[in-house]
>>> print(open('entry-v6.txt').read())   # compact mmCIF, C-alpha atoms
# COMPACT_ATOMS: atom_id res chain seq x y z
CA MET A 1047 0.00 0.00 0.00
CA THR A 1048 2.87 2.37 0.85
CA ILE A 1049 4.41 1.65 -2.57
CA ILE A 1050 1.26 2.73 -4.41
CA LEU A 1051 0.70 5.73 -2.13
CA LEU A 1052 4.22 7.10 -2.66
CA GLY A 1053 3.94 6.49 -6.42
CA ILE A 1054 0.71 8.52 -6.46
CA VAL A 1055 2.27 11.30 -4.37
CA GLU A 1056 5.28 11.51 -6.70
CA GLY A 1057 3.13 11.44 -9.85
CA ILE A 1058 0.84 14.18 -8.59
CA THR A 1059 3.45 16.52 -7.15
CA GLU A 1060 6.50 16.25 -9.44
CA PHE A 1061 5.30 18.85 -11.94
CA LEU A 1062 2.91 20.86 -9.78
CA PRO A 1063 4.39 23.86 -7.90
CA VAL A 1064 3.95 22.10 -4.55
CA SER A 1065 7.26 20.17 -4.11
CA SER A 1066 7.37 16.42 -4.72
CA THR A 1067 10.44 15.95 -2.50
CA GLY A 1068 8.75 17.88 0.28
CA HIS A 1069 5.63 15.74 0.07
CA LEU A 1070 7.66 12.51 0.12
CA ILE A 1071 9.54 13.76 3.20
CA LEU A 1072 6.29 14.68 4.96
CA ALA A 1073 4.78 11.34 3.93
CA GLY A 1074 7.73 9.60 5.55
CA ALA A 1075 7.27 11.59 8.75
CA LEU A 1076 3.51 10.98 8.75
CA LEU A 1077 3.69 7.26 8.03
CA GLY A 1078 6.71 6.75 10.24
CA TYR A 1079 8.66 4.63 7.76
CA ASP A 1080 12.46 4.37 7.56
CA ASP A 1081 13.70 7.00 5.08
CA GLN A 1082 16.90 5.06 4.44
CA ARG A 1083 14.96 1.94 3.47
CA TRP A 1084 12.85 3.83 0.96
CA GLN A 1085 15.57 6.13 -0.41
CA LEU A 1086 16.31 4.15 -3.57
CA PHE A 1087 12.59 3.71 -4.22
CA ASN A 1088 11.94 7.47 -3.96
CA ILE A 1089 14.82 8.21 -6.34
CA VAL A 1090 13.78 5.73 -9.02
CA ILE A 1091 10.07 6.58 -9.12
CA GLN A 1092 10.99 10.17 -10.02
CA LEU A 1093 12.15 8.80 -13.36
CA GLY A 1094 8.64 7.42 -13.91
CA ALA A 1095 7.22 10.93 -13.60
CA ILE A 1096 9.92 12.30 -15.93
CA LEU A 1097 9.08 9.63 -18.53
CA ALA A 1098 5.51 10.96 -18.59
CA VAL A 1099 6.74 14.30 -19.97
CA VAL A 1100 8.82 12.55 -22.62
CA VAL A 1101 5.75 10.58 -23.73
CA LEU A 1102 3.36 13.54 -23.69
CA TYR A 1103 5.72 15.84 -25.60
CA TRP A 1104 7.43 13.31 -27.84
CA ARG A 1105 6.42 15.23 -30.97
CA THR A 1106 8.12 18.35 -29.63
CA PHE A 1107 11.31 16.46 -28.81
CA TRP A 1108 11.29 14.71 -32.19
CA ALA A 1109 10.82 18.02 -34.03
CA VAL A 1110 13.68 19.57 -32.04
CA LEU A 1111 15.94 16.61 -32.81
CA LEU A 1112 15.20 16.83 -36.55
CA GLY A 1113 15.72 20.59 -36.34
CA LEU A 1114 19.13 20.15 -34.74
CA VAL A 1115 20.19 17.80 -37.52
CA ALA A 1116 19.07 20.41 -40.05
CA LEU A 1117 20.69 23.22 -38.02
CA ASN A 1118 17.31 24.92 -37.61
CA PRO A 1119 17.79 28.14 -35.56
CA VAL A 1120 14.57 27.58 -33.57
CA SER A 1121 15.64 24.09 -32.46
CA ILE A 1122 19.11 25.35 -31.60
CA ARG A 1123 17.70 28.15 -29.43
CA PHE A 1124 15.31 25.68 -27.76
CA VAL A 1125 18.17 23.40 -26.68
CA ARG A 1126 20.41 26.37 -25.84
CA ASN A 1127 17.85 27.77 -23.41
CA LEU A 1128 17.37 24.44 -21.65
CA LEU A 1129 21.12 23.90 -21.28
CA ILE A 1130 21.71 27.43 -19.98
CA ALA A 1131 18.95 27.02 -17.38
CA PHE A 1132 20.31 23.60 -16.39
CA ILE A 1133 23.92 24.67 -15.70
CA PRO A 1134 23.38 26.63 -12.42
CA ALA A 1135 21.74 23.60 -10.78
CA VAL A 1136 24.76 21.45 -11.71
CA VAL A 1137 27.25 23.91 -10.23
CA ILE A 1138 25.32 24.71 -7.04
CA GLY A 1139 24.28 21.10 -6.53
CA LEU A 1140 27.87 19.84 -6.65
CA LEU A 1141 29.18 22.64 -4.41
CA PHE A 1142 26.54 22.28 -1.68
CA LEU A 1143 25.59 18.60 -1.87
CA LYS A 1144 26.22 17.86 1.82
CA GLN A 1145 24.21 20.87 3.01
CA ILE A 1146 21.34 19.91 0.70
CA GLU A 1147 21.32 16.32 2.01
CA ALA A 1148 21.19 17.63 5.59
CA LEU A 1149 18.06 19.65 4.78
CA LEU A 1150 16.37 16.53 3.40
CA LEU A 1151 16.24 15.13 6.93
CA GLN A 1152 14.24 18.06 8.34
CA PRO A 1153 10.46 17.88 7.72
CA ILE A 1154 9.94 21.22 9.49
CA VAL A 1155 11.98 22.92 6.74
CA VAL A 1156 9.51 21.50 4.22
CA ALA A 1157 6.49 22.86 6.09
CA VAL A 1158 7.93 26.38 6.36
CA ALA A 1159 9.06 26.36 2.70
CA LEU A 1160 5.58 25.29 1.56
CA ILE A 1161 4.01 28.26 3.35
CA LEU A 1162 6.56 30.84 2.19
CA GLY A 1163 6.45 29.47 -1.35
CA GLY A 1164 2.66 29.77 -1.43
CA ILE A 1165 2.86 33.40 -0.32
CA ALA A 1166 5.50 34.09 -2.99
CA ILE A 1167 3.32 32.57 -5.73
CA LEU A 1168 0.34 34.72 -4.70
CA ALA A 1169 2.54 37.83 -4.72
CA ILE A 1170 3.99 37.08 -8.16
CA GLU A 1171 0.58 36.25 -9.63
CA ARG A 1172 -0.78 39.54 -8.28
CA VAL A 1173 2.09 41.76 -9.44
CA VAL A 1174 3.30 40.23 -12.70
CA LYS A 1175 1.47 41.18 -15.89
CA PRO A 1176 0.56 38.61 -18.58
CA GLY A 1177 3.77 37.30 -20.13
CA GLU A 1178 4.95 38.48 -23.51
CA VAL A 1179 7.29 35.57 -24.30
CA THR A 1180 5.21 32.70 -25.69
CA GLY A 1181 7.77 30.16 -26.86
CA ILE A 1182 10.73 28.40 -25.25
CA ALA A 1183 12.93 29.09 -28.26
CA ASP A 1184 12.05 32.78 -27.97
CA LEU A 1185 13.37 33.17 -24.43
CA PRO A 1186 16.27 35.64 -24.22
CA VAL A 1187 19.48 34.19 -22.83
CA ARG A 1188 19.20 36.36 -19.69
CA THR A 1189 15.77 34.86 -18.99
CA SER A 1190 17.11 31.32 -19.22
CA VAL A 1191 19.96 32.25 -16.88
CA GLY A 1192 17.49 33.78 -14.44
CA VAL A 1193 15.24 30.72 -14.46
CA GLY A 1194 18.26 28.48 -13.93
CA LEU A 1195 19.40 30.50 -10.92
CA VAL A 1196 15.92 30.52 -9.40
CA GLN A 1197 15.67 26.75 -9.87
CA CYS A 1198 18.56 26.40 -7.41
CA LEU A 1199 16.23 27.57 -4.63
CA ALA A 1200 14.39 24.27 -5.07
CA MET A 1201 17.34 22.48 -3.50
CA ILE A 1202 15.68 23.52 -0.25
CA PRO A 1203 13.04 20.79 0.25
CA GLY A 1204 9.54 22.19 0.10
CA VAL A 1205 10.38 25.06 -2.26
CA SER A 1206 9.43 23.03 -5.36
CA ARG A 1207 11.58 22.82 -8.47
CA SER A 1208 8.60 23.33 -10.77
CA GLY A 1209 7.27 26.15 -8.60
CA ALA A 1210 10.59 27.97 -8.57
CA THR A 1211 11.17 27.67 -12.32
CA ILE A 1212 7.59 28.55 -13.27
CA MET A 1213 7.41 31.58 -10.99
CA GLY A 1214 10.91 32.64 -11.99
CA ALA A 1215 9.90 32.52 -15.64
CA ARG A 1216 6.65 34.39 -14.93
CA ALA A 1217 8.53 37.13 -13.08
CA LEU A 1218 10.81 37.47 -16.10
CA GLY A 1219 7.96 38.03 -18.55
CA VAL A 1220 7.10 34.52 -19.76
CA ASP A 1221 3.44 33.58 -20.25
CA ARG A 1222 1.89 30.91 -18.02
CA ARG A 1223 1.73 28.04 -20.49
CA THR A 1224 5.30 28.54 -21.75
CA ALA A 1225 6.57 28.89 -18.17
CA ALA A 1226 4.91 25.59 -17.23
CA GLU A 1227 6.22 23.74 -20.30
CA PHE A 1228 9.72 25.15 -19.84
CA SER A 1229 9.61 23.77 -16.30
CA PHE A 1230 8.52 20.34 -17.62
CA PHE A 1231 11.34 20.18 -20.17
CA LEU A 1232 13.96 21.52 -17.75
CA ALA A 1233 12.98 18.77 -15.31
CA ILE A 1234 14.35 16.11 -17.65
CA PRO A 1235 18.08 16.98 -17.53
CA THR A 1236 17.81 18.30 -13.96
CA MET A 1237 16.14 15.21 -12.49
CA LEU A 1238 18.21 12.79 -14.57
CA GLY A 1239 21.37 14.53 -13.37
CA ALA A 1240 20.26 14.59 -9.72
CA THR A 1241 19.14 10.95 -9.81
CA THR A 1242 22.38 9.79 -11.45
CA LEU A 1243 24.44 11.69 -8.87
CA GLU A 1244 22.48 10.15 -5.99
CA LEU A 1245 22.81 6.63 -7.38
CA ILE A 1246 26.56 7.04 -7.93
CA LYS A 1247 27.24 8.66 -4.57
CA HIS A 1248 25.13 6.28 -2.46
CA HIS A 1249 25.07 3.08 -4.50
CA ASP A 1250 26.61 0.93 -1.75
CA GLN A 1251 24.33 2.00 1.08
CA LEU A 1252 21.30 2.13 -1.20
CA ARG A 1253 21.86 -1.45 -2.28
CA ALA A 1254 22.30 -2.52 1.31
CA ALA A 1255 19.33 -0.53 2.61
CA ASN A 1256 16.86 -1.34 -0.11
CA SER A 1257 14.45 -4.09 0.85
CA ILE A 1258 11.55 -2.97 -1.30
CA GLY A 1259 12.55 -5.28 -4.13
CA ILE A 1260 12.61 -4.85 -7.89
CA THR A 1261 8.88 -5.61 -8.17
CA GLY A 1262 7.98 -2.95 -5.61
CA ILE A 1263 10.16 -0.35 -7.31
CA ALA A 1264 8.68 -1.24 -10.70
CA ILE A 1265 5.13 -0.81 -9.35
CA GLY A 1266 6.00 2.59 -7.88
CA PHE A 1267 7.63 3.62 -11.16
CA VAL A 1268 4.55 2.68 -13.21
CA VAL A 1269 2.14 4.34 -10.76
CA ALA A 1270 4.18 7.58 -10.78
CA PHE A 1271 4.30 7.48 -14.60
CA ILE A 1272 0.55 6.99 -15.08
CA VAL A 1273 -0.44 9.59 -12.48
CA ALA A 1274 2.04 12.16 -13.82
CA LEU A 1275 0.73 11.53 -17.34
CA LEU A 1276 -2.76 12.55 -16.21
CA VAL A 1277 -1.64 15.42 -13.98
CA VAL A 1278 0.53 17.20 -16.57
CA ARG A 1279 -2.34 17.35 -19.08
CA TRP A 1280 -4.70 18.68 -16.41
CA PHE A 1281 -2.15 21.14 -15.01
CA VAL A 1282 -1.49 22.92 -18.32
CA GLY A 1283 -5.21 23.44 -18.84
CA ILE A 1284 -5.74 24.74 -15.30
CA VAL A 1285 -2.92 27.29 -15.28
CA SER A 1286 -3.80 28.56 -18.74
CA THR A 1287 -7.24 29.61 -17.50
CA HIS A 1288 -7.03 29.96 -13.70
CA GLY A 1289 -3.38 30.73 -12.99
CA PHE A 1290 -1.32 29.36 -10.09
CA ALA A 1291 -3.24 30.79 -7.12
CA PRO A 1292 -5.07 27.49 -6.30
CA PHE A 1293 -1.72 25.78 -5.85
CA ALA A 1294 -0.44 28.64 -3.71
CA TRP A 1295 -3.39 28.31 -1.33
CA TYR A 1296 -2.90 24.56 -1.20
CA ARG A 1297 0.75 25.08 -0.22
CA ILE A 1298 -0.19 27.48 2.56
CA VAL A 1299 -2.89 25.19 3.99
CA ALA A 1300 -0.82 22.00 3.68
CA GLY A 1301 2.31 23.65 5.05
CA SER A 1302 0.44 25.15 8.00
CA ALA A 1303 -1.19 21.80 8.82
CA ALA A 1304 2.17 20.01 8.57
CA LEU A 1305 3.92 22.63 10.70
CA LEU A 1306 1.25 22.39 13.40
CA TRP A 1307 1.43 18.59 13.39
CA LEU A 1308 5.25 18.57 13.58
CA LEU A 1309 5.28 21.03 16.48
CA VAL A 1310 2.70 19.20 18.61
CA LYS A 1311 3.50 15.55 17.86
>>> encode(input="entry-v6.txt", output="structure tokens")
Amino acid sequence: MTIILLGIVEGITEFLPVSSTGHLILAGALLGYDDQRWQLFNIVIQLGAILAVVVLYWRTFWAVLLGLVALNPVSIRFVRNLLIAFIPAVVIGLLFLKQIEALLLQPIVVAVALILGGIAILAIERVVKPGEVTGIADLPVRTSVGVGLVQCLAMIPGVSRSGATIMGARALGVDRRTAAEFSFFLAIPTMLGATTLELIKHHDQLRAANSIGITGIAIGFVVAFIVALLVVRWFVGIVSTHGFAPFAWYRIVAGSAALLWLLVK
């Protein structure tokens, strides 16, 4: 049951601006399970959610690939912007890996970050005008750099990688749909890089600690993939018409409830 529950949590939260890592940490605290035992499982099921984006946007990726072969300027700018936004996370992640791992053990950090992140989203939605940039390939280099730097805030559990990148893009003049899709695409190299680093760095202890089994991990992977597939389609439609405020209020309520529970338990 825990396997399916965590797969659902990952699939729902990976691309929403609510922090998948934060929710998995809070789920661990709530259910009282051993984080070390489930560490490999939580890492691998993220790839299931990432695969959902690849499947949903395969036509976009195929068109970009063909464009690169043909040296199409639009495809080149598309890839350039993703790579530029990806680089800051690589540098900061490698420099502060130990500090980041220490934060992952503190559920109270997640609760506070959820609340503050929700307030930030409401503020940005209220202040920022409708975006003028409506295509990933049309993003100026400085915008890609800015989004990449803001994404680094998501190394604090509870901030949300998708939330940081989407709101960073919105603050820099990108329209809602493009900001959301840029966040989806940027998740692929970012999460693949983070997952690979974790597997390399902790492969010995992960192998020793994992008792979930290949079947359990496979089930979690498939559940995260299917749920993410449904959520991404729904999310793009919601933000295009209603904005990000509903997710901000959810963060504030969930973070406040988690904070209260952590303080009184």
>>> residues_around(input="entry-v6.txt", residues="region 1108-1120 of chain A", least_positions_apart="5", cutoff="10 Å", atoms="all atoms listed in the file", output="VMD selection string")
chain A and resid 1103 1125 to 1126 1181 to 1184
>>> closest_residue(input="entry-v6.txt", among="A:Asn1127, A:Ser1206, A:Gln1085, A:Gln1197", to="Gly1068 (chain A)", atoms="all atoms listed in the file")
A:Ser1206
>>> closest_residue(input="entry-v6.txt", among="A:Val1220, A:Leu1102, A:Met1201, A:Ala1159", to="Pro1176 (chain A)", atoms="only C-alpha atoms")
A:Val1220
>>> closest_residue(input="entry-v6.txt", among="A:Ser1066, A:Ser1302, A:Asn1088, A:Thr1059", to="Glu1244 (chain A)", atoms="only C-alpha atoms")
A:Asn1088
>>> atom_distance(input="entry-v6.txt", atom1="CA of Leu1076 (chain A)", atom2="CA of Arg1279 (chain A)")
29.1 Å
>>> closest_residue(input="entry-v6.txt", among="A:Val1137, A:Ile1246, A:Met1213, A:Ile1154", to="Val1173 (chain A)", atoms="all atoms listed in the file")
A:Met1213
>>> residues_near_point(input="entry-v6.txt", point="(-3.4, 10.0, -23.6)", cutoff="12 Å", atoms="all atoms listed in the file", output="list in words")
Ala1098, Val1099, Val1101, Leu1102, Tyr1103, Ile1272, Val1273, Ala1274, Leu1275, Leu1276, Val1277, Val1278, Arg1279 and Trp1280 of chain A
>>> atom_distance(input="entry-v6.txt", atom1="CA of Val1179 (chain A)", atom2="CA of Asp1221 (chain A)")
5.9 Å
>>> atom_distance(input="entry-v6.txt", atom1="CA of Arg1207 (chain A)", atom2="CA of Ala1233 (chain A)")
8.1 Å
>>> residues_around(input="entry-v6.txt", residues="Gly1192 (chain A)", least_positions_apart="5", cutoff="10 Å", atoms="only C-alpha atoms", output="list in words")
Ile1130, Ala1131, Pro1134, Val1187, Gln1197, Thr1211, Gly1214, Ala1215, Ala1217 and Leu1218 of chain A
>>> residues_around(input="entry-v6.txt", residues="Ala1270 (chain A)", least_positions_apart="2", cutoff="10 Å", atoms="all atoms listed in the file", output="ChimeraX atom specification")
/A:1050-1060,1090-1098,1264-1268,1272-1275
>>> closest_residue(input="entry-v6.txt", among="A:Ala1166, A:Ile1089, A:Cys1198, A:Val1282", to="Leu1141 (chain A)", atoms="all atoms listed in the file")
A:Cys1198
>>> axis_aligned_box(input="entry-v6.txt", around="region 1159-1178 of chain A", padding_each_side="3 Å", output="AutoDock Vina command-line options")
--center_x 4.1 --center_y 33.5 --center_z -10.1 --size_x 15.8 --size_y 22.5 --size_z 32.9
>>> closest_residue(input="entry-v6.txt", among="A:Leu1309, A:Leu1086, A:Phe1271, A:Ser1190", to="Leu1245 (chain A)", atoms="only C-alpha atoms")
A:Leu1086
